[in-house]
Structures are given as structure tokens and as C-alpha cells.
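Reviewing the structure listed below.
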2 protein chains.
Amino acid sequence: MTKKTKAPTLSEVARKAGVGTTTVSRVINGGNRVDPKTLARVRKAIEALSYMPNQAARILKGHRTKTIGLIIPSIADPFFASCAEAAQVIARTHDSLLIVTTTHNEPEAEIESVKVLMQHQTDGLIIAPSDTDNSALRSLLARASVPVVALDRPLPHSSIPFVVADNFAGANLATQHLIGHGYRRIACMTGEKTLYTIRERVSGYRQAVESAGLPVILDDSISDYPSVERAIRTLLGAAKPPDAIFTLKNSITISAFEAMQKLGVVIPGSMALLGYDDFELAETVRPSITVVRQPIEEIGRMAAEILFEELQRSRVRTIDHRRPREVQLGTRLVRRSSCGCTAPQKAV
Amino acid sequence: MTKKTKAPTLSEVARKAGVGTTTVSRVINGGNRVDPKTLARVRKAIEALSYMPNQAARILKGHRTKTIGLIIPSIADPFFASCAEAAQVIARTHDSLLIVTTTHNEPEAEIESVKVLMQHQTDGLIIAPSDTDNSALRSLLARASVPVVALDRPLPHSSIPFVVADNFAGANLATQHLIGHGYRRIACMTGEKTLYTIRERVSGYRQAVESAGLPVILDDSISDYPSVERAIRTLLGAAKPPDAIFTLKNSITISAFEAMQKLGVVIPGSMALLGYDDFELAETVRPSITVVRQPIEEIGRMAAEILFEELQRSRVRTIDHRRPREVQLGTRLVRRSSCGCTAPQKAV
DNA sequence: CTGAAAGCGCTAACAT
DNA sequence: ATGTTAGCGCTTTCAG
């Protein structure tokens, strides 16, 4: 077994092929300006030694590392997993690799990630910042000599391009839909109220109920299942219980559904349910759950595309901005049964 | 804006601090054997220039890249996303970064990924090989000068360590459970029969029904929802319809549940359902679904840990194998209602 | 069309 | 305790 032998180098290939290193280098990089015969010989040598160029050395010569960094709260979160998948596909398209780090929405972890990724000279960064007002992060990013794109959450007061969903409109329309059904007491349940996305959704909800002259019933202290069940119990025991619940996050929607079922709440009969973010079984459970669906893959894809465009721009001095630097994608209300709609949209 | 200024180098720091490059290098790498005063001065210079060491140059000097590669079918797949998350956490622990590539179970994509990752000199590789008998992949991996660990699926005929779940036992026990409930005609539905995991599960199922003298009713041509619905229709229309269905994959379980509901099949009354792989709403839907649960995070975590142990071993010549190189983790049958169990396990 | 040689930024002998 | 220096593997002028 030739297992622990060190990897062959370019100059070894050159020696074996009886040519100079320059020639081998040319062959590796496309083989232009090389005599067909020499080319063939070099290729054979490369094959024989199963030579692979050492990226580190190329990078050192000032080239791209062909890697981009993606900084997200979690990989296990379906939303970010889909974003990551989409971004990875785009990266491959550009012959690049995707390095993923997770932050669990901790600002320090974000800073740390950016630093590590910069040391590794990734060509660019895509980040979903937890705190929209993190000035330490902003200044760090400003010093970054590579393009950066914000994902799902913008980084205000900076010139960093971003790709987000229209959280305000999504929540606003959803609430209006509930109002249209005749519900008068719509409770909104959420947690992580410091996140941009959640804040926007809360605003959307608030604007809708207030302009309809309805009460704002907001519980933004939700975390796990028990807290959801407790919240619903409290709501049910109130003098005037709500007639609809709007949950701002996938896991809360599921917990709420579970709790309502456990507590014998008839959906939508005694209380309607509408959730932010679609999920696989939302169509299947009974009643099926009406949700606001975000263009998840699209978000990841566009963020990566913008990043590579910036990369392109910084290479060749071009003037045109074919794509806007700040993208806000629309969401869609998927009407199913839990909101009271009788004729759900066509099934899968 | 000092935005496009090139990153400062070690020798610039040295000049600014009025010391030699060696000293700066020492400071970066822990600051041992350096006079406290000099150390402070250098640190200040580093701070002032906001200097960050260039990884590429260090790598070139034969050091670790502090990156490991993870090659999986998809990031969006919850199973692999969780594995990736767990592996990433372990990587961070070892001060390393995780580079993820996806293959969609295509052998060529796997080969390609390994090559790219090797060029980037990742310190090690974790791979979930689609085809257990891919000799091209095996020989490529054998030539790899870095440690490799197989994830979820082993790579036989090679000395590559692996971490997998005991798919045979999981499926076997699940089938026996169904048999114990008195079902005599247990149908098994699956797709992707070339995958190691699926093959093992099929074997486990087959062994159980055969040794109980029951018929093997296997449909391994399932792909999407329509194919599931079609299969169930066929099963229902048969002379002797099955009294239980065992689905070998998450998405098929969900599709089957959906289809059975649509076709008015009472679960478990007229037909029981048991699925491989747990999922969030399995507990919540009615009836709740009995499943075989795999230790997902554990698989990702252990694969990464073994990789770093190998890395450790290749650095310092040690003899002990504290951890077995081939790990098979147990699964657990989570009893809920769809199999006919009347007293489901404690809820979440 | 091809080769010699100069580094890229850093580390590690080897001196001092 | 600190500086000098020789590369790591590759690309890239600049000459042939």
C-alpha cells in the first residue's frame, strides 16, 4: 500500500514528463499555448502519478480559495438546511465549496465564525445575523476584504446586500385572512422576539389587528412545548378567550396544534390556527393547517448568486448592477382547513 | 474606508513591532519563549493592524488545514442535516471547520467530491457512500492520505472505519412487534433498494416474516407520493389485502399515512402502520405513528470523533485503539398507536 | 511554444 | 529570548 506517501507535486510531474514546471502549470490550467504532444505527455504523467494540485499553494499566489462561508443558526433547522442546500448548489456551479458554521443565534459565535472564515480566506460570506444591531459584527464585516451577503435577516446601517422574505406582509396578510373569516380575538404566539424576522411578523400582525380595531393579544415569551401548552391554557381560561391563534414559527405551530388537540380544542370550530412557515405534514394532519409559506430555497439560492456576482464584479471592473442588492421575496398564504376555509387548495 | 487594502502580513507586524518574524510567529502560536514585554508589544501591533494569519501559508508549511469534509446525499434531508450539525459541533471542538458537499446518491458526484476535498487538503473525510460496492471510490479513498470515516453506510472490503445504525435489527424487531400484535400479512414498502440501509432493513423484515411462516409482501419500487397511493390501492384491491404496512423510510411513511387517510383506511383497525425513522409530528397525528427511531446525532457525532481520533493517532504514534473502528448503534422502537398498541409511551 | 527564477506568507531549524 | 534564512507548491513575468 502506497498509503502514507506524500502527495506528488507539480515539479515531480514536470520531472517525470521531462518538461519545466511552467508547462505543467499551463496544462493544469486549461492547457492553452502548449504543444499537443507535450500536453499529452504531461497529461500522462499527471495520470500516472495521480497528481492533484495543492490548493493551498495556489491560494498563496493570490488566487481564490474557491470556498465560501455560510454562517447560520443551525443546520438541523429545516429552513436553514434548505437554504444551505440551495447555496451549496450554486457554489458548485461556480466551482466552489461551502463551509458551514453555526451560531445558535449567539452574537459571539457569529463574530468568531466570521474571524475563522476570514482566516481561511473564504472568497465570500453569507450570514444570517441574529442581532440586527450588532455593531461589532458590522465593523468586522466592513473590514472584511471579501463580499458579504446577509440571509433571511438584513444588517441595517451597512451596505451589505441582503435577501429576505417579506415577513411583515406575510404576517399582515395572514392576520387579515383570519380577520376576514370573522375572528375578532386573534392571539399571536412567538418567542425570540429579538430576531428581525419575528419582529417584522409581529409588526405585520399588530398592524392588521389594530387597523381593524381588534385587540392585540400577544405572547412573545414562548420557548418550548410546555410554554405553549401553558399559554394556551391561560388563553382558554381568560374572561374572553381568543377565537384564533397565529403562531409565528414552525415549532410553535406544531406545539400549538399538539396542545390544542390535547386540551380538546376544536379547530377551527372553537379556535382557529394559522402558522408561519409550511411543513411537510401541515397538509396531512386533521384539520390540515393553513400556513404562510416562504420561498426558502429561493432565499438561499439568491443570496449565493448575489455573492458570486459581487465576486465577479470585484474581479473584472464592470459597472452594471444587473441584480438589485437588496431583495425582499414574497410569501404565499397556503389556505387549508385550520383557519376555517372550507375548500382547501388542491392537495399535493 | 480602508476596504480594499490588502490584509497585513506577518512581516508587516514584525516591522511595526520592531522584531523579527519568528517572534511574531511565536506570539501567534501561543506566545511561549517570548519576553513578556516583547509579547505585549507584538500583541499591540497585531491589534493595531488587525492582523490575521493567512491560513494558506500555514497549510503550505505542511500543517493541518483545520477543515474536514463531509460528503452526504443532501443537506435538506433531516437525517443528514442532523448528522452534519453534530459533526460540525465536534469539528468546532477540534478547532476545525466543516465543508459540506452533496451527492444526491450519485456515485460520480461522490468521486468528484472526494477529489475536490482532497485538493483542498481537508484533514479528513466523512462520507455516506451511496453504493457500497463502488470500487472506484474505494481505490480513490485508499489513495487518500487522510483519515476517512464512513457514515450511515459502511464501505466493505476496505479498512475504513464506519458508524452505522443496526438497520437489520431495527427492522427485524419492528416486524416482530407487528407479528406480536397478530398481523399475518405484513407488507413492506420501500424504494432506493440499492442503498445499504434499505437492503439491511428489507433483510430484517424478510427474516422476521419468513421465520414466522408469514408471506413476504414487498414493494420496493416506491418513489413519490403517487407511487405510494398506487401501491396501497393495489394492496387494498388484492384478494388478500395486508393487515399491516411497514414503511422503510420517513417520506414513505408520511405518504402512506396520507394515502391511507385519503382512501379511508382505518389505522390500525383495518390496517396497521409502522415506519422507519421518527419525525416530529409522528406523536401528534391521529393515530400517532409507531416508528423505529435511530440515534441520528449520535451517528454524526461519533463519526466525527473517530475521525479526529484517527487524526490524533496519525500525528503522535500511539498504539491504543480506545474506540472500536466499526460502530453499530442500536435503534429503538417508539410504540405509539398506529401499530395497535393501546397504551402509547409517555408523550413528549 | 517553453523554461528559469522570483516570490506569495508563514514556520522551523539553526544561529546568536 | 530573538533574529536569519531556507523553503512549502504553485503561478507568473520575462527571456529565449
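Convention: chains lettered A, B, ... in C-alpha cells order; per-chain residue numbering from 1; ligands numbered from 1 as shown.
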Filtered DSSP result for segment 102-201 of chain B, state strand (DSSP E or B), as a count of residues only: 17
Distance-based interface of chain C with chain B, 12 Å, counting only C-alpha atoms (C1' of nucleotides), as a PyMOL selection string: chain C and resi 8-13
Distance query DC1 of chain C at most 7 Å, only C-alpha atoms (C1' of nucleotides), self and fewer than 3 positions along chain excluded, as a list of chain:residue names: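 Using only C-alpha atoms (C1' of nucleotides), the neighbours found are A:Arg33, A:Val34, A:Asp35.
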6 Å contacts from chain A to chain B using only C-alpha atoms, as a PyMOL selection string: chain A and resi 3-4+54-56+60+75-76+81-82+85+98-99+119-120+143+145+258+284-285
Using C-alpha atoms, can you export the residues from the last selection as an mmCIF file, in the first residue's frame?
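Writing the result to part.cif gives the following:
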```cif
data_model
loop_
_atom_site.group_PDB
_atom_site.id
_atom_site.type_symbol
_atom_site.label_atom_id
_atom_site.label_comp_id
_atom_site.auth_asym_id
_atom_site.auth_seq_id
_atom_site.Cartn_x
_atom_site.Cartn_y
_atom_site.Cartn_z
ATOM 1 C CA LYS A 3 -0.788 4.894 1.588
ATOM 2 C CA LYS A 4 1.286 7.300 3.534
ATOM 3 C CA ASN A 54 -2.288 21.700 -3.980
ATOM 4 C CA GLN A 55 -4.892 24.352 -3.411
ATOM 5 C CA ALA A 56 -3.009 25.959 -0.557
ATOM 6 C CA LEU A 60 -0.934 31.648 -1.581
ATOM 7 C CA ILE A 75 -28.011 23.126 10.190
ATOM 8 C CA ALA A 76 -30.681 20.960 11.753
ATOM 9 C CA ALA A 81 -30.829 23.415 5.910
ATOM 10 C CA SER A 82 -32.749 24.162 2.739
ATOM 11 C CA GLU A 85 -28.527 23.114 0.247
ATOM 12 C CA LEU A 98 -19.345 25.627 1.011
ATOM 13 C CA ILE A 99 -18.090 25.841 4.572
ATOM 14 C CA GLN A 119 -8.514 33.459 8.237
ATOM 15 C CA HIS A 120 -9.320 30.599 5.988
ATOM 16 C CA ARG A 143 -13.139 45.328 7.388
ATOM 17 C CA SER A 145 -11.969 42.327 2.229
ATOM 18 C CA GLU A 258 -50.480 19.363 19.690
ATOM 19 C CA THR A 284 -51.905 15.785 6.208
ATOM 20 C CA VAL A 285 -52.936 16.377 9.784
#
```
Shell around segment 171-184 of chain B at 7 Å using only C-alpha atoms (C1' of nucleotides), local window under 2 positions removed, as an MDAnalysis selection string: chainID B and resid 167:169 186 201 204:205 208 214 243:244 292 333 339
Could you save the residues just selected, with N, CA and C atoms, as a JSON list (two decimals), in the first residue's frame?
```json
[["chain", "number", "residue", "atom", "x", "y", "z"],
["B", 167, "ASN", "N", -29.58, -1.43, 11.20],
["B", 167, "ASN", "CA", -30.79, -1.41, 10.40],
["B", 167, "ASN", "C", -31.52, -2.74, 10.38],
["B", 168, "PHE", "N", -30.73, -3.81, 10.31],
["B", 168, "PHE", "CA", -31.35, -5.13, 10.30],
["B", 168, "PHE", "C", -32.16, -5.34, 11.57],
["B", 169, "ALA", "N", -31.52, -5.16, 12.70],
["B", 169, "ALA", "CA", -32.19, -5.37, 13.99],
["B", 169, "ALA", "C", -33.40, -4.45, 14.14],
["B", 186, "ILE", "N", -48.06, -8.77, 6.45],
["B", 186, "ILE", "CA", -47.37, -7.50, 6.64],
["B", 186, "ILE", "C", -46.64, -7.09, 5.36],
["B", 201, "ARG", "N", -32.63, -3.20, 6.05],
["B", 201, "ARG", "CA", -33.97, -3.17, 6.64],
["B", 201, "ARG", "C", -34.85, -4.22, 5.97],
["B", 204, "GLY", "N", -34.04, -7.49, 7.40],
["B", 204, "GLY", "CA", -34.58, -7.62, 8.74],
["B", 204, "GLY", "C", -36.06, -7.96, 8.69],
["B", 205, "TYR", "N", -36.77, -7.30, 7.81],
["B", 205, "TYR", "CA", -38.19, -7.56, 7.64],
["B", 205, "TYR", "C", -38.42, -8.99, 7.15],
["B", 208, "ALA", "N", -37.82, -11.74, 9.61],
["B", 208, "ALA", "CA", -38.87, -11.83, 10.63],
["B", 208, "ALA", "C", -40.13, -12.52, 10.11],
["B", 214, "LEU", "N", -44.82, -16.37, 7.67],
["B", 214, "LEU", "CA", -45.74, -15.44, 7.01],
["B", 214, "LEU", "C", -45.22, -15.06, 5.64],
["B", 243, "ASP", "N", -52.71, -6.74, 6.39],
["B", 243, "ASP", "CA", -53.32, -6.15, 7.57],
["B", 243, "ASP", "C", -52.37, -5.18, 8.27],
["B", 244, "ALA", "N", -51.18, -5.03, 7.70],
["B", 244, "ALA", "CA", -50.23, -4.07, 8.27],
["B", 244, "ALA", "C", -49.25, -3.62, 7.20],
["B", 292, "VAL", "N", -39.48, 3.29, 14.22],
["B", 292, "VAL", "CA", -38.17, 2.86, 14.67],
["B", 292, "VAL", "C", -37.33, 4.13, 14.70],
["B", 333, "LEU", "N", -37.60, 1.09, 19.26],
["B", 333, "LEU", "CA", -38.97, 1.09, 18.74],
["B", 333, "LEU", "C", -39.79, 2.03, 19.61],
["B", 339, "CYS", "N", -49.71, 1.05, 15.41],
["B", 339, "CYS", "CA", -49.41, -0.38, 15.27],
["B", 339, "CYS", "C", -50.46, -1.20, 16.02]]
```
Non-local contacts of segment 14-16 of chain D (9 Å; only C-alpha atoms (C1' of nucleotides); under 4 positions in same chain excluded) as a PyMOL selection string: chain C and resi 2-4
Take the residues from that selection and put them in a file with N, CA and C atoms (P, O5', C5', C4', C3', O3' and C1' of nucleotides), as a PDB file, in the first residue's frame.
```pdb
ATOM      1  P    DT C   2       5.586  23.090 -25.880  1.00  0.00           P
ATOM      2  O5'  DT C   2       6.645  23.838 -24.983  1.00  0.00           O
ATOM      3  C5'  DT C   2       8.014  23.769 -25.353  1.00  0.00           C
ATOM      4  C4'  DT C   2       8.856  24.598 -24.424  1.00  0.00           C
ATOM      5  C3'  DT C   2       8.750  24.220 -22.949  1.00  0.00           C
ATOM      6  O3'  DT C   2      10.004  23.670 -22.558  1.00  0.00           O
ATOM      7  C1'  DT C   2       8.846  26.569 -23.281  1.00  0.00           C
ATOM      8  P    DG C   3      10.083  22.962 -21.100  1.00  0.00           P
ATOM      9  O5'  DG C   3      11.015  24.022 -20.373  1.00  0.00           O
ATOM     10  C5'  DG C   3      12.234  24.385 -20.991  1.00  0.00           C
ATOM     11  C4'  DG C   3      12.882  25.512 -20.216  1.00  0.00           C
ATOM     12  C3'  DG C   3      12.978  25.267 -18.703  1.00  0.00           C
ATOM     13  O3'  DG C   3      14.256  25.690 -18.267  1.00  0.00           O
ATOM     14  C1'  DG C   3      11.848  27.297 -19.111  1.00  0.00           C
ATOM     15  P    DA C   4      14.795  25.268 -16.871  1.00  0.00           P
ATOM     16  O5'  DA C   4      15.555  26.582 -16.391  1.00  0.00           O
ATOM     17  C5'  DA C   4      15.872  27.619 -17.321  1.00  0.00           C
ATOM     18  C4'  DA C   4      16.051  28.928 -16.553  1.00  0.00           C
ATOM     19  C3'  DA C   4      16.364  28.750 -15.068  1.00  0.00           C
ATOM     20  O3'  DA C   4      17.280  29.764 -14.679  1.00  0.00           O
ATOM     21  C1'  DA C   4      14.297  29.870 -15.307  1.00  0.00           C
TER      22       DA C   4
END
```
Those of segment 106-344 of chain A in DSSP helix (DSSP H, G or I), formatted as a PyMOL selection string: chain A and resi 107-119+135-143+167-180+196-211+225-237+250-262+280-283+296-315
